[in-house]
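Q: First the structure, then my questions, so here it is.
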Amino acid sequence: MDRSSLLQLIQEQQLDPENTGFIGVDTFAGLVHSHELPLDPTKLDMLVALAQNNDRGQVCYQELVDLISSKRSSSFKRAIANGQRALPRDGLLDEPGLGVYKRFVRYVAYEILPCEVDRRWYFYRQRSCPPPVFMASVTLAQIIVFLCYGARLNKWVLQTYHPEYMKSPLVYHPGHRARAWCFLTYMFMHVGLEQLGFNALLQLMIGVPLEMVHGLLRISLLYLAGVLAGSLTVSITDMRAPVVGGSGGVYALCSAHLANVVMNWAGMRCPYKLLRMVLALVCMSSEVGRAVWLRFSPPLPASGPQPSFMAHLAGAVVGVSMGLTILRSYEERLRDQCGWWVVLLAYGTFLLFAIFWNIFAYDLLGAHIPPPP
């Protein structure tokens, strides 16, 4: 039901004859049942919650339109939160007779969302189309590129030690900073099978559920922001080092999700969350430690510096800033969030600084970068 048809229905039934801007929720619910209108059960529950938040048991017309249009503002969410104890239905864990796909949707809802109202909202609104194509496509592309270079170099572990590896047009190398695309395309190259396996596993286990809940645009923005911040941070803090791997984007997703779980600890219903939190932190710390070891104590003779580990840390910073803002704004317009504009301003300032740094600082500081391959 769109906004125009809803307005026409309200006018025809004279639900608001005095043009007060408020509608009785019982009257509207009776209209829905009598006309057999296709309204999700969870939306009727939310109408009751909105009415409970109003002293006169009414719903603001604009809130009703936002609910039907599946748009929720901050004030809408606060009203739902204040009245959610009136929601009559049981939790999703008690839903009987679900198919395999809907059980998976329920699992994703409890893994990602901290509020029962949000979980029910997502559960009833989620559709299988479009699928979470971004994270799946990125992971598939990374695997294909790795297999191609592995077959070409006949090397599957520590590929960066092969003299032909750094000649790839996808790798970020400080001597090829003019290749602007390399600040993003390095995410398709990996040190070896171990790094690819770690990143691919996290992208599928965390990235896909996040994309299912928050959508392709938001999660792709977060992932690519982490990737870009990773290469730019390396160009500033580790000027002689190249960068490979999608760790900047992976750590942006993981740190955002972990921070969201910690900040909503009481509301998260995912099983064994403390144990899983500890394991995730141990694995992420181990990967950073491995990257530091390869950077400063290479196990094999190398023709130049090995890839930097700073992309991991930059991705984590993006995750706890931009990522956390995105994950805490489920089904809300980001442009209405003051924190979102603060994060964008900070990220934009960083980008401008990094661009000027790459243009002028290398020559002014006399940085001795290894010759490009």
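The way I read the labels, and the way they are meant: chains A, B, ... in the order of the structure tokens, residue 1 as the first residue of every chain, and ligand 1 as the first ligand shown, with later ones counted on from there.
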Please list as a list in words every residue within 12 Å of Leu140 (chain A), counting only C-alpha atoms and excluding residues in the same chain fewer than 3 positions away.
A: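 With the cut-off at 12 Å, the set is Val133, Phe134, Met135, Ala136, Ser137, Ile143, Ile144, Val145, Phe146, Leu147, Phe188, Leu196, Gly197, Asn199, Ala200, Leu201, Gln203 and Leu204 of chain A.
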Q: Selection from above, all heavy atoms, as a short mmCIF file (atom, residue, chain, number, x, y, z; two decimals), in the first residue's frame, can you write it?
A:
data_model
loop_
_atom_site.label_atom_id
_atom_site.label_comp_id
_atom_site.auth_asym_id
_atom_site.auth_seq_id
_atom_site.Cartn_x
_atom_site.Cartn_y
_atom_site.Cartn_z
N VAL A 133 24.36 -9.83 -2.68
CA VAL A 133 25.27 -10.11 -3.79
C VAL A 133 26.64 -9.47 -3.61
O VAL A 133 27.62 -9.96 -4.17
CB VAL A 133 24.65 -9.66 -5.12
CG1 VAL A 133 23.41 -10.47 -5.45
CG2 VAL A 133 24.30 -8.17 -5.07
N PHE A 134 26.73 -8.36 -2.86
CA PHE A 134 28.00 -7.64 -2.81
C PHE A 134 29.09 -8.48 -2.16
O PHE A 134 30.16 -8.71 -2.74
CB PHE A 134 27.85 -6.32 -2.06
CG PHE A 134 29.14 -5.58 -1.90
CD1 PHE A 134 29.72 -4.91 -2.96
CD2 PHE A 134 29.79 -5.57 -0.66
CE1 PHE A 134 30.93 -4.25 -2.81
CE2 PHE A 134 31.00 -4.91 -0.51
CZ PHE A 134 31.57 -4.24 -1.58
N MET A 135 28.85 -8.95 -0.92
CA MET A 135 29.88 -9.69 -0.22
C MET A 135 30.20 -11.00 -0.94
O MET A 135 31.36 -11.41 -1.00
CB MET A 135 29.45 -9.97 1.22
CG MET A 135 29.34 -8.75 2.11
SD MET A 135 30.77 -7.64 2.06
CE MET A 135 32.13 -8.75 2.33
N ALA A 136 29.18 -11.66 -1.48
CA ALA A 136 29.41 -12.90 -2.22
C ALA A 136 30.24 -12.63 -3.47
O ALA A 136 31.16 -13.40 -3.80
CB ALA A 136 28.08 -13.54 -2.57
N SER A 137 29.96 -11.54 -4.18
CA SER A 137 30.69 -11.22 -5.41
C SER A 137 32.13 -10.85 -5.11
O SER A 137 33.05 -11.28 -5.82
CB SER A 137 30.00 -10.07 -6.15
OG SER A 137 28.68 -10.40 -6.50
N ILE A 143 38.74 -14.96 -4.71
CA ILE A 143 39.15 -16.36 -4.89
C ILE A 143 39.63 -16.60 -6.31
O ILE A 143 40.66 -17.26 -6.54
CB ILE A 143 37.98 -17.30 -4.53
CG1 ILE A 143 37.67 -17.21 -3.03
CG2 ILE A 143 38.31 -18.74 -4.91
CD1 ILE A 143 36.45 -18.01 -2.62
N ILE A 144 38.91 -16.06 -7.29
CA ILE A 144 39.29 -16.25 -8.70
C ILE A 144 40.65 -15.61 -8.97
O ILE A 144 41.53 -16.22 -9.62
CB ILE A 144 38.21 -15.67 -9.63
CG1 ILE A 144 36.93 -16.50 -9.54
CG2 ILE A 144 38.71 -15.61 -11.07
CD1 ILE A 144 35.77 -15.93 -10.33
N VAL A 145 40.87 -14.38 -8.49
CA VAL A 145 42.16 -13.71 -8.70
C VAL A 145 43.28 -14.49 -8.04
O VAL A 145 44.36 -14.67 -8.62
CB VAL A 145 42.09 -12.27 -8.15
CG1 VAL A 145 43.49 -11.64 -8.13
CG2 VAL A 145 41.15 -11.42 -8.99
N PHE A 146 43.03 -14.98 -6.82
CA PHE A 146 44.07 -15.75 -6.13
C PHE A 146 44.41 -17.03 -6.90
O PHE A 146 45.59 -17.38 -7.03
CB PHE A 146 43.59 -16.10 -4.72
CG PHE A 146 44.55 -16.96 -3.96
CD1 PHE A 146 45.68 -16.42 -3.38
CD2 PHE A 146 44.34 -18.33 -3.83
CE1 PHE A 146 46.59 -17.22 -2.68
CE2 PHE A 146 45.23 -19.13 -3.15
CZ PHE A 146 46.35 -18.57 -2.57
N LEU A 147 43.40 -17.72 -7.38
CA LEU A 147 43.66 -18.95 -8.14
C LEU A 147 44.43 -18.66 -9.42
O LEU A 147 45.33 -19.43 -9.80
CB LEU A 147 42.33 -19.64 -8.46
CG LEU A 147 41.56 -20.24 -7.27
CD1 LEU A 147 40.23 -20.82 -7.73
CD2 LEU A 147 42.39 -21.29 -6.56
N PHE A 188 41.77 -7.32 -3.89
CA PHE A 188 41.60 -8.59 -4.60
C PHE A 188 42.86 -9.47 -4.53
O PHE A 188 42.80 -10.63 -4.91
CB PHE A 188 41.23 -8.34 -6.06
CG PHE A 188 39.91 -7.65 -6.25
CD1 PHE A 188 39.85 -6.33 -6.67
CD2 PHE A 188 38.72 -8.32 -5.98
CE1 PHE A 188 38.63 -5.70 -6.83
CE2 PHE A 188 37.50 -7.69 -6.14
CZ PHE A 188 37.46 -6.38 -6.57
N LEU A 196 43.74 -15.26 2.53
CA LEU A 196 42.50 -15.33 1.77
C LEU A 196 41.44 -16.11 2.52
O LEU A 196 40.27 -15.70 2.58
CB LEU A 196 42.76 -15.98 0.41
CG LEU A 196 41.52 -16.25 -0.44
CD1 LEU A 196 40.83 -14.96 -0.84
CD2 LEU A 196 41.87 -17.08 -1.67
N GLY A 197 41.81 -17.25 3.09
CA GLY A 197 40.84 -18.06 3.82
C GLY A 197 40.27 -17.33 5.02
O GLY A 197 39.05 -17.38 5.27
N ASN A 199 40.04 -13.98 5.48
CA ASN A 199 39.18 -12.89 5.03
C ASN A 199 37.87 -13.39 4.44
O ASN A 199 36.80 -12.85 4.70
CB ASN A 199 39.92 -12.02 4.02
CG ASN A 199 40.99 -11.16 4.66
OD1 ASN A 199 41.05 -11.03 5.88
ND2 ASN A 199 41.84 -10.56 3.85
N ALA A 200 37.96 -14.43 3.60
CA ALA A 200 36.75 -14.96 2.96
C ALA A 200 35.78 -15.51 4.00
O ALA A 200 34.56 -15.32 3.89
CB ALA A 200 37.13 -16.03 1.95
N LEU A 201 36.32 -16.18 5.01
CA LEU A 201 35.46 -16.75 6.05
C LEU A 201 34.71 -15.65 6.80
O LEU A 201 33.49 -15.75 7.02
CB LEU A 201 36.30 -17.57 7.02
CG LEU A 201 35.54 -18.28 8.16
CD1 LEU A 201 34.59 -19.32 7.58
CD2 LEU A 201 36.52 -18.92 9.13
N GLN A 203 34.12 -12.57 5.75
CA GLN A 203 33.21 -11.87 4.83
C GLN A 203 31.90 -12.63 4.68
O GLN A 203 30.82 -12.02 4.60
CB GLN A 203 33.88 -11.69 3.47
CG GLN A 203 34.94 -10.61 3.47
CD GLN A 203 35.73 -10.52 2.18
OE1 GLN A 203 36.63 -9.70 2.03
NE2 GLN A 203 35.43 -11.39 1.23
N LEU A 204 31.96 -13.95 4.64
CA LEU A 204 30.75 -14.74 4.48
C LEU A 204 29.99 -14.89 5.80
O LEU A 204 28.75 -14.86 5.81
CB LEU A 204 31.10 -16.11 3.91
CG LEU A 204 31.69 -16.12 2.49
CD1 LEU A 204 32.05 -17.53 2.07
CD2 LEU A 204 30.73 -15.48 1.50
#
Q: So which bits of region 137-265 of chain A end up alpha helix (DSSP H) when you DSSP the backbone, as a ChimeraX atom specification?
A: /A:137-153,182-185,193-202,208-214,216-237,247-263
Q: Given the choices A:Ser286, A:Thr160, A:Ser235, A:Ser247, which gets closest to Asn358 (chain A) if the distance is worked out from only C-alpha atoms?
A: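 Result for the nearest residue to Asn358 (chain A): A:Ser235.
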Q: List as an MDAnalysis selection string the protein and nucleic acid residues near Val108 (chain A), meaning an atom at most 10 Å away when only C-alpha atoms are counted, but skip any in the same chain fewer than 2 places from it.
A: chainID A and resid 102:106 110:113 119 122:123 206 208:210 212:213 270
Q: Identify, on the basis of only C-alpha atoms, every residue whose closest approach to His312 (chain A) does not exceed 8 Å; exclude the query and any residue fewer than 2 positions from it along the same chain; express the result as a tab-separated table (two decimals) with all heavy atoms, in the first residue's frame.
A:
chain	number	residue	atom	x	y	z
A	230	GLY	N	42.43	1.92	4.52
A	230	GLY	CA	43.60	1.09	4.76
A	230	GLY	C	44.79	1.47	3.90
A	230	GLY	O	45.90	1.66	4.41
A	247	SER	N	41.84	-6.90	4.07
A	247	SER	CA	41.72	-6.83	5.53
A	247	SER	C	41.14	-5.51	6.00
A	247	SER	O	40.48	-5.46	7.05
A	247	SER	CB	43.08	-7.07	6.17
A	247	SER	OG	43.57	-8.36	5.87
A	248	GLY	N	41.38	-4.41	5.28
A	248	GLY	CA	40.80	-3.14	5.69
A	248	GLY	C	39.29	-3.19	5.73
A	248	GLY	O	38.65	-2.76	6.69
A	251	TYR	N	38.09	-5.86	8.51
A	251	TYR	CA	38.17	-5.36	9.88
A	251	TYR	C	37.16	-4.24	10.12
A	251	TYR	O	36.74	-4.04	11.27
A	251	TYR	CB	39.59	-4.90	10.18
A	251	TYR	CG	40.48	-6.02	10.64
A	251	TYR	CD1	40.80	-7.08	9.79
A	251	TYR	CD2	41.00	-6.05	11.92
A	251	TYR	CE1	41.60	-8.12	10.20
A	251	TYR	CE2	41.80	-7.09	12.36
A	251	TYR	CZ	42.10	-8.13	11.48
A	251	TYR	OH	42.89	-9.17	11.90
A	288	VAL	N	46.59	-9.77	12.88
A	288	VAL	CA	47.40	-8.55	12.91
A	288	VAL	C	48.84	-8.88	13.32
A	288	VAL	O	49.80	-8.37	12.71
A	288	VAL	CB	46.79	-7.53	13.89
A	288	VAL	CG1	47.71	-6.32	14.05
A	288	VAL	CG2	45.43	-7.06	13.40
A	309	PHE	N	50.83	-3.77	7.79
A	309	PHE	CA	49.72	-4.22	8.63
A	309	PHE	C	48.80	-3.07	9.03
A	309	PHE	O	47.77	-3.28	9.68
A	309	PHE	CB	50.27	-4.85	9.91
A	309	PHE	CG	51.12	-3.91	10.72
A	309	PHE	CD1	50.57	-3.10	11.71
A	309	PHE	CD2	52.49	-3.80	10.47
A	309	PHE	CE1	51.35	-2.22	12.44
A	309	PHE	CE2	53.28	-2.92	11.19
A	309	PHE	CZ	52.72	-2.14	12.18
A	310	MET	N	49.13	-1.85	8.63
A	310	MET	CA	48.35	-0.69	9.07
A	310	MET	C	46.94	-0.67	8.48
A	310	MET	O	46.05	-0.02	9.03
A	310	MET	CB	49.08	0.59	8.69
A	310	MET	CG	50.35	0.84	9.50
A	310	MET	SD	50.04	0.92	11.29
A	310	MET	CE	48.95	2.35	11.38
A	314	ALA	N	43.47	0.59	10.36
A	314	ALA	CA	42.63	1.63	9.76
A	314	ALA	C	41.21	1.13	9.54
A	314	ALA	O	40.24	1.85	9.79
A	314	ALA	CB	43.24	2.10	8.45
A	315	GLY	N	41.08	-0.10	9.09
A	315	GLY	CA	39.75	-0.67	8.90
A	315	GLY	C	38.99	-0.77	10.21
A	315	GLY	O	37.78	-0.50	10.26
A	316	ALA	N	39.69	-1.12	11.29
A	316	ALA	CA	39.03	-1.21	12.59
A	316	ALA	C	38.52	0.16	13.05
A	316	ALA	O	37.43	0.27	13.62
A	316	ALA	CB	39.99	-1.80	13.62
Q: Which residue out of A:Val100, A:Tyr330, A:Pro301, A:Ala311 has the minimum interatomic distance to Val117 (chain A) when only C-alpha atoms are used?
A: A:Tyr330
Q: Show me, as a list of chain:residue names, the residues that have an atom within 8 Å of region 321-329 of chain A when counting only C-alpha atoms, minus same-chain residues fewer than 3 positions from it.
A: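 Selected residues are A:His214, A:Arg218, A:Leu222, A:Ala252, A:Leu253, A:Ser255, A:Ala256, A:His257, A:Ala259, A:Asn260, A:Val317, A:Val318, A:Glu332, A:Arg333, A:Leu334, A:Gly339, A:Trp340, A:Val343, A:Leu344.
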Q: Residues at most 7 Å from region 173-176 of chain A, counting only C-alpha atoms, excluding those fewer than 6 positions away in the same chain, as JSON, numbers by chain?
A: {"A": [235, 239, 240, 241, 242, 243, 369, 371, 372]}
Q: Would you put the residues from that selection into a file with C-alpha atoms, as a short mmCIF file (atom, residue, chain, number, x, y, z; two decimals), in the first residue's frame?
A:
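Dumped everything to result_1.cif:
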data_model
loop_
_atom_site.label_atom_id
_atom_site.label_comp_id
_atom_site.auth_asym_id
_atom_site.auth_seq_id
_atom_site.Cartn_x
_atom_site.Cartn_y
_atom_site.Cartn_z
CA SER A 235 50.73 5.60 2.40
CA MET A 239 55.48 4.99 3.25
CA ARG A 240 57.81 2.32 1.86
CA ALA A 241 55.40 -0.61 2.15
CA PRO A 242 52.96 -2.06 -0.40
CA VAL A 243 49.47 -3.29 0.54
CA ILE A 369 60.76 4.25 -1.50
CA PRO A 371 61.84 1.15 -6.98
CA PRO A 372 58.54 0.09 -8.54
#
Q: Report the distance between CA of Leu281 (chain A) and CA of Gln142 (chain A) in Å, rounded to one decimal place.
A: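 Computing it gives 23.8 Å between the two atoms.
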Q: From the options A:Leu364, A:Val138, A:Gln159, A:Ala346, which residue's atoms come nearest to Met187 (chain A), counting only C-alpha atoms?
A: A:Val138
Q: As an exercise, work out the distance from CA of Gly348 (chain A) to CA of Ser168 (chain A) in Å and give it to one decimal place.
A: 28.9 Å
Q: Which residue, A:Ser220, A:Leu351, A:Trp341, A:Ala280, has the smallest gap to Leu232 (chain A) when you use only C-alpha atoms?
A: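 For Leu232 (chain A), the nearest of the given residues is A:Leu351.
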Q: Between CA of Asn264 (chain A) and CA of Glu116 (chain A), what is the spacing in Å?
A: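 For CA of Glu116 (chain A) relative to CA of Asn264 (chain A), the distance reads 12.1 Å.
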